[in-house]
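Below is one structure, written out as structure tokens; the observations come after it.
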Amino acid sequence: MVAMTQVLIALTSHSELGDTGRTTGFYAGEAAEPWAVFTAAGITVDVVSVAGGRPPVDGRDEADADQNAFFAAVELAATPKPSEVKAADYDAIFFAGGHGTMWDFPDDADLSHLAADVYERGGVVAAVCHGPAALVNLRLSDGSHLVDGRRVAAFTNAEEQATGLAGVVPFLLADALSARGAVHVPAPEFTAQVIVDGRLVTGQNPASARGVAEQVVALLAGR
């Protein structure tokens, strides 16, 4: 058990999948599985969304026990905005994925400032699948990009091509992270890949969500 610890899960508020006419949002399993790992470790979990209120959901599996527990326990309709929470209250921030993150995570200044503050206070920053979109423009107080020189995992170009959305998303995530100085470390398509670089933990795809959360718990327990 990791006592007296709090983790903040950040969710996208973006619901439109480009101009496809399809909806998107946060990917249910990428929030629910980490939430289950954190709560099982005795960690208090809060949820924040870019715009506040109820965030849009994608990939909901109503037969999944973790997802059912998550949606039953978390008051998603009342999620605060990043500006309404304090970094000092959290030991880690976890960016759940879903294609919606590609539109609102990178340029939300309040979300970036929140994550940078958590990190610079000695906390952990974690993200999975498209969640690392939050890291693309995340700068520390010295002006450097958090990912510069760091090994990271994120949804790969090959995986984006396989989903048929490479021409729909506003940018390719792996390329954008590399442009910020990150060393993107891909695994074969849709296989679990978790990279830990100091207090930065990233995962490649939905199959990596649980592993990222487990590594966050390990880091927090080892402090």
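Ligands are numbered from 1 in the order shown, chains are lettered A, B, ... in the order of the structure tokens, and residues start at 1 in each chain.
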
Exercise: A:Gly164 partners within 12 Å, only C-alpha atoms, chain neighbours under 6 positions left out, as an NGL selection string = :A and (17 or 20 or 157-158)

Hey, which bits of stretch 141-181 of chain A sit within 12 Å of stretch 208-221 of chain A, and for each residue what's the closest pair of atoms and how far apart in Å (one decimal), counting only C-alpha atoms, rows by chain and increasing number, as a Markdown table?
```
| residue | atom | partner | partner_atom | distance |
| --- | --- | --- | --- | --- |
| A:Val152 | CA | A:Val212 | CA | 11.6 |
| A:Ala153 | CA | A:Ser208 | CA | 9.5 |
| A:Ala154 | CA | A:Ser208 | CA | 9.6 |
| A:Phe155 | CA | A:Ser208 | CA | 10.3 |
```

remark   = Separating atom CA of A:Thr24 from atom CA of A:Pro170, to the nearest tenth of an Å, is a gap of 13.9 Å

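As for atom CA of A:Thr202 and atom CA of A:Thr163, they are spaced 20.4 Å apart.
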
Quick one: residues within 8 Å of A:Tyr90, only C-alpha atoms, excluding same-chain residues fewer than 4 positions away - as a PDB file with C-alpha atoms, in the first residue's frame?
```pdb
ATOM      1  CA  THR A   5      -0.761   9.405  -1.694  1.00  0.00           C
ATOM      2  CA  GLN A   6      -2.933  11.081  -4.303  1.00  0.00           C
ATOM      3  CA  VAL A   7      -2.941  10.705  -8.070  1.00  0.00           C
ATOM      4  CA  LEU A   8      -4.775  12.900 -10.555  1.00  0.00           C
ATOM      5  CA  LYS A  86      -3.689  22.375  -6.964  1.00  0.00           C
ATOM      6  CA  VAL A 118       3.555  18.246 -10.051  1.00  0.00           C
ATOM      7  CA  GLY A 123       6.040  14.023  -8.407  1.00  0.00           C
TER       8      GLY A 123
END
```

message = I'd like to know which of A:Met102, A:Leu140, A:Ala182, A:Val128 is closest to A:Val168, using only C-alpha atoms.
response =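 Answer, going by the shortest atom-to-atom distance: A:Met102.
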
key: In stretch 52-178 of chain A, DSSP strand (DSSP E or B) residues written as a VMD selection string   = chain A and resid 57 to 58 92 to 95 124 to 128 139 145 151 to 152

inquiry  = What parts of stretch 8-152 of chain A does DSSP call helix (DSSP H, G or I)? I'd like the answer as a PyMOL selection string.
reply    = chain A and resi 28-40+65-73+76-78+82-84+87-89+101-104+109-120+131-135

Output of the above residues as a PDB file, in the first residue's frame, restricted to C-alpha atoms:
```pdb
ATOM      1  CA  ALA A  28     -12.430   4.169 -21.161  1.00  0.00           C
ATOM      2  CA  GLY A  29      -9.948   1.416 -20.380  1.00  0.00           C
ATOM      3  CA  GLU A  30      -7.021   3.814 -20.248  1.00  0.00           C
ATOM      4  CA  ALA A  31      -8.638   5.612 -17.330  1.00  0.00           C
ATOM      5  CA  ALA A  32     -10.375   2.671 -15.663  1.00  0.00           C
ATOM      6  CA  GLU A  33      -7.470   0.228 -15.561  1.00  0.00           C
ATOM      7  CA  PRO A  34      -5.037   2.731 -14.015  1.00  0.00           C
ATOM      8  CA  TRP A  35      -7.754   3.843 -11.585  1.00  0.00           C
ATOM      9  CA  ALA A  36      -8.162   0.205 -10.526  1.00  0.00           C
ATOM     10  CA  VAL A  37      -4.400  -0.224 -10.050  1.00  0.00           C
ATOM     11  CA  PHE A  38      -4.115   2.986  -8.039  1.00  0.00           C
ATOM     12  CA  THR A  39      -7.087   2.327  -5.786  1.00  0.00           C
ATOM     13  CA  ALA A  40      -5.954  -1.239  -5.145  1.00  0.00           C
ATOM     14  CA  ALA A  65     -15.312  -5.055 -14.458  1.00  0.00           C
ATOM     15  CA  ASP A  66     -12.714  -2.301 -14.049  1.00  0.00           C
ATOM     16  CA  GLN A  67     -14.640   0.031 -16.299  1.00  0.00           C
ATOM     17  CA  ASN A  68     -17.908  -0.654 -14.499  1.00  0.00           C
ATOM     18  CA  ALA A  69     -16.262   0.039 -11.141  1.00  0.00           C
ATOM     19  CA  PHE A  70     -14.664   3.224 -12.456  1.00  0.00           C
ATOM     20  CA  PHE A  71     -17.857   4.657 -13.918  1.00  0.00           C
ATOM     21  CA  ALA A  72     -19.776   3.749 -10.769  1.00  0.00           C
ATOM     22  CA  ALA A  73     -17.264   5.350  -8.412  1.00  0.00           C
ATOM     23  CA  LEU A  76     -17.439  12.382 -14.057  1.00  0.00           C
ATOM     24  CA  ALA A  77     -20.185  14.983 -14.398  1.00  0.00           C
ATOM     25  CA  ALA A  78     -18.426  17.110 -11.793  1.00  0.00           C
ATOM     26  CA  PRO A  82      -7.040  22.074 -14.407  1.00  0.00           C
ATOM     27  CA  SER A  83      -7.166  25.642 -13.080  1.00  0.00           C
ATOM     28  CA  GLU A  84      -9.420  24.470 -10.262  1.00  0.00           C
ATOM     29  CA  ALA A  87      -0.543  20.539  -7.978  1.00  0.00           C
ATOM     30  CA  ALA A  88       0.559  20.482  -4.338  1.00  0.00           C
ATOM     31  CA  ASP A  89      -2.264  18.045  -3.587  1.00  0.00           C
ATOM     32  CA  THR A 101      -6.419  14.233 -26.403  1.00  0.00           C
ATOM     33  CA  MET A 102      -4.734  15.071 -29.690  1.00  0.00           C
ATOM     34  CA  TRP A 103      -6.870  18.186 -30.014  1.00  0.00           C
ATOM     35  CA  ASP A 104      -6.996  19.639 -26.509  1.00  0.00           C
ATOM     36  CA  ALA A 109      -1.785  25.959 -20.704  1.00  0.00           C
ATOM     37  CA  ASP A 110      -3.427  25.243 -17.362  1.00  0.00           C
ATOM     38  CA  LEU A 111      -3.014  21.494 -17.837  1.00  0.00           C
ATOM     39  CA  SER A 112       0.632  21.920 -18.826  1.00  0.00           C
ATOM     40  CA  HIS A 113       1.347  24.162 -15.853  1.00  0.00           C
ATOM     41  CA  LEU A 114      -0.352  21.715 -13.518  1.00  0.00           C
ATOM     42  CA  ALA A 115       1.732  18.794 -14.759  1.00  0.00           C
ATOM     43  CA  ALA A 116       4.970  20.773 -14.700  1.00  0.00           C
ATOM     44  CA  ASP A 117       4.260  21.837 -11.128  1.00  0.00           C
ATOM     45  CA  VAL A 118       3.555  18.246 -10.051  1.00  0.00           C
ATOM     46  CA  TYR A 119       6.843  17.175 -11.629  1.00  0.00           C
ATOM     47  CA  GLU A 120       8.926  19.984 -10.201  1.00  0.00           C
ATOM     48  CA  GLY A 131      -2.142  10.724 -23.483  1.00  0.00           C
ATOM     49  CA  PRO A 132       1.473  11.758 -24.198  1.00  0.00           C
ATOM     50  CA  ALA A 133      -0.031  14.482 -26.397  1.00  0.00           C
ATOM     51  CA  ALA A 134      -0.010  16.408 -23.118  1.00  0.00           C
ATOM     52  CA  LEU A 135       3.784  16.199 -23.125  1.00  0.00           C
TER      53      LEU A 135
END
```

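Candidate residues A:Thr44, A:Thr23, A:Ser13, A:Ser144 were compared for distance to A:Pro80, and the nearest is A:Ser13, using only C-alpha atoms.
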
key: Selected residue of minimal separation from A:Ala96 among A:Val196, A:Ile9, A:Ile43, A:Val147, counting only C-alpha atoms   =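 Under the stated criterion, the closest residue is A:Ile9.
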
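Atom pair atom CA of A:Pro188 / atom CA of A:Pro56 has a distance of 28.9 Å (rounded to one decimal).
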
task = Might you pull out every residue within 6 Å of A:Asp58, with only C-alpha atoms counted and same-chain residues fewer than 2 positions away left off, and present them as a list of chain:residue names?
result =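 Answer for this query is A:Thr24, A:Gly25, A:Phe26, A:Tyr27, A:Arg60.
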
Selection to disk with C-alpha atoms, as a CSV table (one decimal), in the first residue's frame:
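Once everything was written out, this is out_21.csv:
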```csv
chain,number,residue,atom,x,y,z
A,24,THR,CA,-14.2,10.5,-29.7
A,25,GLY,CA,-13.1,11.3,-26.1
A,26,PHE,CA,-11.0,9.6,-23.5
A,27,TYR,CA,-10.5,5.8,-24.0
A,60,ARG,CA,-16.6,1.8,-23.3
```
